[in-house]
Structure formats: C-alpha cells, structure tokens
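Here's the structure, in structure tokens; my notes come after.
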Amino acid sequence: MCGIFGAFNLPGGADNFRQRALILSKKLRHRGPDWGGCVVAGNHILCHERLAIVGVDSGAQPLTNDDESLILSVNGEIYNHKALRKMCPADTHFKTQSDCEVILHLYKQIGADVVKHLDGMFSWVLLDTKKNRILAARDPIGITTLYQGWNSKYPGAFYFASELKSLNEECDRIIAFPPGHIFDSETGETTRYFEPTWWDGEKIPDSPVDYQLIRESLEKAVRKRLMSEVPYGVLLSGGLDSSLIASIAARETQKMLDGKTHLNQDGDDVDESAAASWPRLHSFSIGLEGSPDLAAARVAADYLKTVHHEYTFTVQEGLDAVADVIYHLETYDVTTIRASTPMYLLSRRIKAMGVKMVLSGEGADEIFGGYLYFHAAPSAAELHTETVTRVKNLHYADCLRANKSTMAWGVEARVPFLDKAFLEVAMNVDPQAKMSIKSEGKMEKYILRKAFDTSDDPNAQPYLPDSILWRQKEQFSDGVGYSWIDSLKDTASAKVSDEAFAKASERWPKDTPQTKEAYRYRELFEQWFPEEACTESVVRWIPRGDWGCPADPSGRAQKVHDSAYDKTA
C-alpha cells in the first residue's frame, strides 16, 4: 500500500499549488517511505508516496500511459492483474511490472467499468486529460483508506487523500469516501459499483453450510494474497482468525518452496520470489507480560513451525503511544483505539526487521457473528442483518485499524477474510448455522471452526491444535492483557475531572462521550484535528444495546465471557 493525494480544478492552475501539494503529500510519507512522485496537468495535480511490494524496481507512481494523457495514483494491490493484462490489446505497452498499471490500460478499453473487474484492495484516482475526466474508486469493503474533501472558497475544486491529515488544513468538508463506490467527474456523482448478492441485510439467506467450500474459498483467498516480491509474515494473536490465516499461509508457502506451483482462481501464477528469499514463514505477536494472547500464539507458532517473534510492551509504553495512535488512526472510537495501540507498537517492531507485508485476520467476527455480544442475538434473522451491517461498516473500525496501525510504519496488512469470493460464500450461509447455542455445543464462529476441523479424517494433517481451533473469542484489546483496558480507564479517570465530564454534551453535542475514557480520546483527537470537518468521517463501534448488551465494547463486558485467564496479566 501507499499514500495518495490529489487536488483537482484548482483555481489559477496547479503549478502555483505544487509546493503546497508536496507538503500535504509528505504528511502521508509514513505510508510510502520508498519513493515519491508528483504530476501536474493543467489545473490538476496528483502525488504519490510509495511502499514498494510488487514491481519493486519499476513501479514508481503516479503512473502514466505512453502519451501521458492518462495519469493514475493508486494505493493498494490488484491480485488479478495478470489476468486483466490479458484483457488488454496484444500491442499494449506496459511501462512497469506494477500490478496497478493495468488499470490505466483497461480504462482505455472499458472506461469506468474497469473498477468492476478489479480483485484486490485499492483506492485510486485517475485523470484523463483528453476528456478532463477524474475518476476515484475505493475497494468493495474499504480495506484501504480514502477521503474526499472540498473547500467552500473554491466551489469547483475537490481533493482526495489516503488520510485525513492531508486534507484537514485545506478543506472545510471531509468525508470518508464510501467503499465499493466510484466517483466520476463527468456526472459529478459517486455511485456504488459493488453489488454482491448479500448486500441487502433484510434478505435472509437459506443456503446450507458447505464446510468444504468455506475451507477452500479461504485457502484461495490466502493464496492470492501471497503475491509479493519482499519478505512477508503473519500477525498471530493465537486467536482463531489469525491462527487459521497463519496455518493456511504456512501450508501455501511450503507448497511454493516444494515446487508445487499453485494458481489462484484467475489462473495466475503466485509469485514465489518472496518465499524463496525468506523460506520459513515468520509470525509476530505482542502483549503484556503473561498475556493470554502471547501464550496462545506461542502454542500456534510452535505447531505451525513458524519463525516466531514475540514482543511484550508495558502498560506505560502503551499509554505513551495513545496520542500518536489517535493521530494515525484519525478516529476517537474507543474500541478501535484500544486495539490499535498494541498493533501500532507491533508494526514498528515488524518494520525494523525489514518486513513490509503481513497477513491478518480481520473480518471473521463480522462475517460469522464472532463477537461475544452476538450470543445475545434474538433470532437468526437479526443476527444476519447485524453481520451485514458490521461488514459494511468495517472501514470505520477494524479495516481502519488494520490499515493505519500498520501503515504508520510502512507495513501493509492484507486481510483474506474480506476476499470478495469468500464473502459471497460466507455471507450467504443460513444464519441459523451462525447462531451460538451453548446447549448444542455451538460456540461463536462454530461453522468456521468446523470447516477446518479434521478430526473426522485420521489421514489429514490438522490445521491447528484443538486448544487454538476451539479457543473462545478474545477481542485483541482484551487478549493482549486484561490490565491494558483497565489501565486506559484508570488513566482517563485520573485525567478527566468530574466537572469537565459533566459538561461533555456542551463541548461535543455530536457523538457526546459517554465515559471518561471516550472523553479523553475525543480530547486528544481534537488536539490533532481541531477542525469541525474532521468528525464527519468518524463512526463509533458499540455493541447492540437493544439486545441487552453492555455499552462497553470490550468482550469481557459481555455476560458469556469466560475469564479463563489471570486478570493481573
């Protein structure tokens, strides 16, 4: 992934804005420390900060076609780029080995419909100088981040950037660009291009569980995400989701090393260069000393035979990082900040080892109803509707966390659970199968666990030990050590007076903090982003109060949580 910035229809032309644009683009350099680029065309300007993972030697951006009439700035990865190249005319001249260049050439053939053919995670802005047309698009779920802004002083101008911090000083209205949408300046409209069968949450699916299809779809999703020319690893918390991703990645990496070339679902060879340069899969975990996640990750790593890197942090180190975490996250959402802080600290360690890409397990809880508050779902239909809502809103929470916590240090996180094909399978399962029913021995995410349970096949190599495959859900902010959240609450109580908290609604009529911890985060957010325009892109993550769930987003706050660990950790 990278950082992109673009400004369009600038009054007086873009040349006068070039230096300012470079300053705003520099605010994104943590996302792309490898190289930068800037292209001016008339009253438009595009900038790029690059993190080189595919096409390392030749993929500098912004990308242009031969006559430079098309200019493209991309943040992301296009997994089916080789298949898409075959859709281009035989005489198409590709300047680079970048997986993103194909967007330029396919646009010449089919226009804005190019976005419907992309399989990957991406945010991009394309300028067609001949038509004076600007397109901007974001991947279906919002794994990558993209913001759009306007300045009321210049009514015709608009801006795009990977992060809020490049826009807040320039724009007086900023939105999170909606995932699965494309903006077209010819119409001035932003329209949804992503139209999966499961999008209507009121339409309840009735497909029976196909465990083999779930397993094979996830394996394909992991396989295609091993496209890399640089060393990669896996984030391993020891929970079900990250451990399954690690298990599949370890198997696929070994297959590549054994010379058993595998094809992804589009018929493309998976790049084996990274696996060859760093043959054993590396895994990374973090927690407070003695935390449940560290212990479980150790078990999983030992079983999978990964090269495991375990890091600990102190409560004080975490508290010291919170302000910086909020700066990078650009949110004041409580649960996102709680979970992002350890991930932010871990990403710094990972980058120090020279790793640029990791696989992560985000999305499974939203897809399968894995959060402990889903135990309180009144019915299967309501559970399904809630999962659809959660998946649609991932870009405000877990996707935002995974993207910005890692990219703060120039590390790219890829999330196989949010693969389009896998979602089409998993979101169409009869939700009755996703219900957690203790009396029937069905814990949260039962069907995902069962899909990778090989106990009925004595000849199969288990994906994971039972202690990991059937481990209770621990939200990351809990699993790193229970005293982490407790310390955040205690610190906020000490720093926020009762008098100040009593006047919270006067200070912030919108999204009024309901706890002192939330008040503290809002205060820190406002220090970095004082402009009112910055709050429009923030959405808070809270459990369903109308299901009788506590407002605290911690998994430990839910009645079904089994405190099986030492609470002093």
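Numbering starts fresh at 1 for the residues of each chain in the structure tokens, the chains themselves are lettered A, B, ... in the order given, and ligands are numbered from 1 as they appear.
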
**Message:** So that I can see what lies close to Phe158 of chain A, please list as a ChimeraX atom specification the residues with an atom at most 8 Å from it, counting only C-alpha atoms and leaving out residues fewer than 6 positions away in the same chain.
**Reply:** /A:7-9,148-151

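Within segment 93-132 of chain A, DSSP applied to the backbone places the following residues in alpha helix (DSSP H): Val102, Ile103, Leu104, His105, Leu106, Tyr107, Lys108, Gln109 and Ile110 of chain A.
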
**Request:** Skip segment 65-69 of chain A itself and residues of its chain fewer than 3 positions away, then list as an NGL selection string all residues within 9 Å of it, counting only C-alpha atoms.
**Result:** :A and (93-95 or 101 or 104-105 or 127-130)

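Distances here use only C-alpha atoms; by that measure, the residue among A:Asn393, A:Ser405, A:Thr144, A:Thr512 closest to Ala339 of chain A is A:Ser405.
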
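Across the model, the gap from atom CA of Cys399 of chain A to atom CA of Gly6 of chain A is 22.5 Å.
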
**Request:** Just the residues within 9 Å of Gln432 of chain A, please, counting only C-alpha atoms, with nothing from its chain fewer than 5 positions along; format it as a PyMOL selection string.
**Result:** chain A and resi 206+379-381+383-384

Would you mind exporting the chosen residues as a short mmCIF file (atom, residue, chain, number, x, y, z; two decimals), in the first residue's frame, restricted to N, CA, C and O atoms?
data_model
loop_
_atom_site.label_atom_id
_atom_site.label_comp_id
_atom_site.auth_asym_id
_atom_site.auth_seq_id
_atom_site.Cartn_x
_atom_site.Cartn_y
_atom_site.Cartn_z
N ASP A 206 -30.65 -18.72 2.84
CA ASP A 206 -31.04 -20.03 3.35
C ASP A 206 -30.15 -21.15 2.82
O ASP A 206 -30.51 -22.32 2.87
N SER A 379 -32.63 -13.59 17.26
CA SER A 379 -33.03 -14.56 16.23
C SER A 379 -31.93 -14.65 15.18
O SER A 379 -31.05 -13.78 15.10
N ALA A 380 -32.01 -15.70 14.36
CA ALA A 380 -31.05 -15.87 13.28
C ALA A 380 -31.14 -14.74 12.27
O ALA A 380 -30.14 -14.25 11.75
N ALA A 381 -32.36 -14.30 12.00
CA ALA A 381 -32.55 -13.21 11.03
C ALA A 381 -31.89 -11.93 11.52
O ALA A 381 -31.24 -11.21 10.74
N LEU A 383 -29.46 -11.73 13.66
CA LEU A 383 -28.01 -11.94 13.63
C LEU A 383 -27.48 -11.65 12.23
O LEU A 383 -26.46 -10.98 12.07
N HIS A 384 -28.15 -12.16 11.21
CA HIS A 384 -27.69 -11.94 9.84
C HIS A 384 -27.68 -10.46 9.48
O HIS A 384 -26.69 -9.96 8.92
#

**Prompt:** Do you know which residues are at most 7 Å from Cys100 of chain A counting only C-alpha atoms, after dropping those on the same chain fewer than 3 positions away, and could you put them as a ChimeraX atom specification?
**Reply:** /A:74,77-78,103

Could you save the residues just selected, with N, CA and C atoms, as a compact mmCIF listing (two decimals), in the first residue's frame?
# COMPACT_ATOMS: atom_id res chain seq x y z
N VAL A 74 -2.33 5.17 -7.25
CA VAL A 74 -3.00 4.02 -6.63
C VAL A 74 -2.40 3.70 -5.28
N GLU A 77 -3.25 -3.17 -3.84
CA GLU A 77 -2.75 -4.32 -4.59
C GLU A 77 -3.88 -4.89 -5.44
N ILE A 78 -3.57 -5.20 -6.69
CA ILE A 78 -4.54 -5.81 -7.59
C ILE A 78 -4.11 -7.26 -7.80
N ILE A 103 -4.74 -0.92 -14.64
CA ILE A 103 -5.94 -0.07 -14.51
C ILE A 103 -5.95 0.98 -15.61

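Going from atom CA of Gln514 of chain A to atom CA of Glu526 of chain A covers 16.6 Å.
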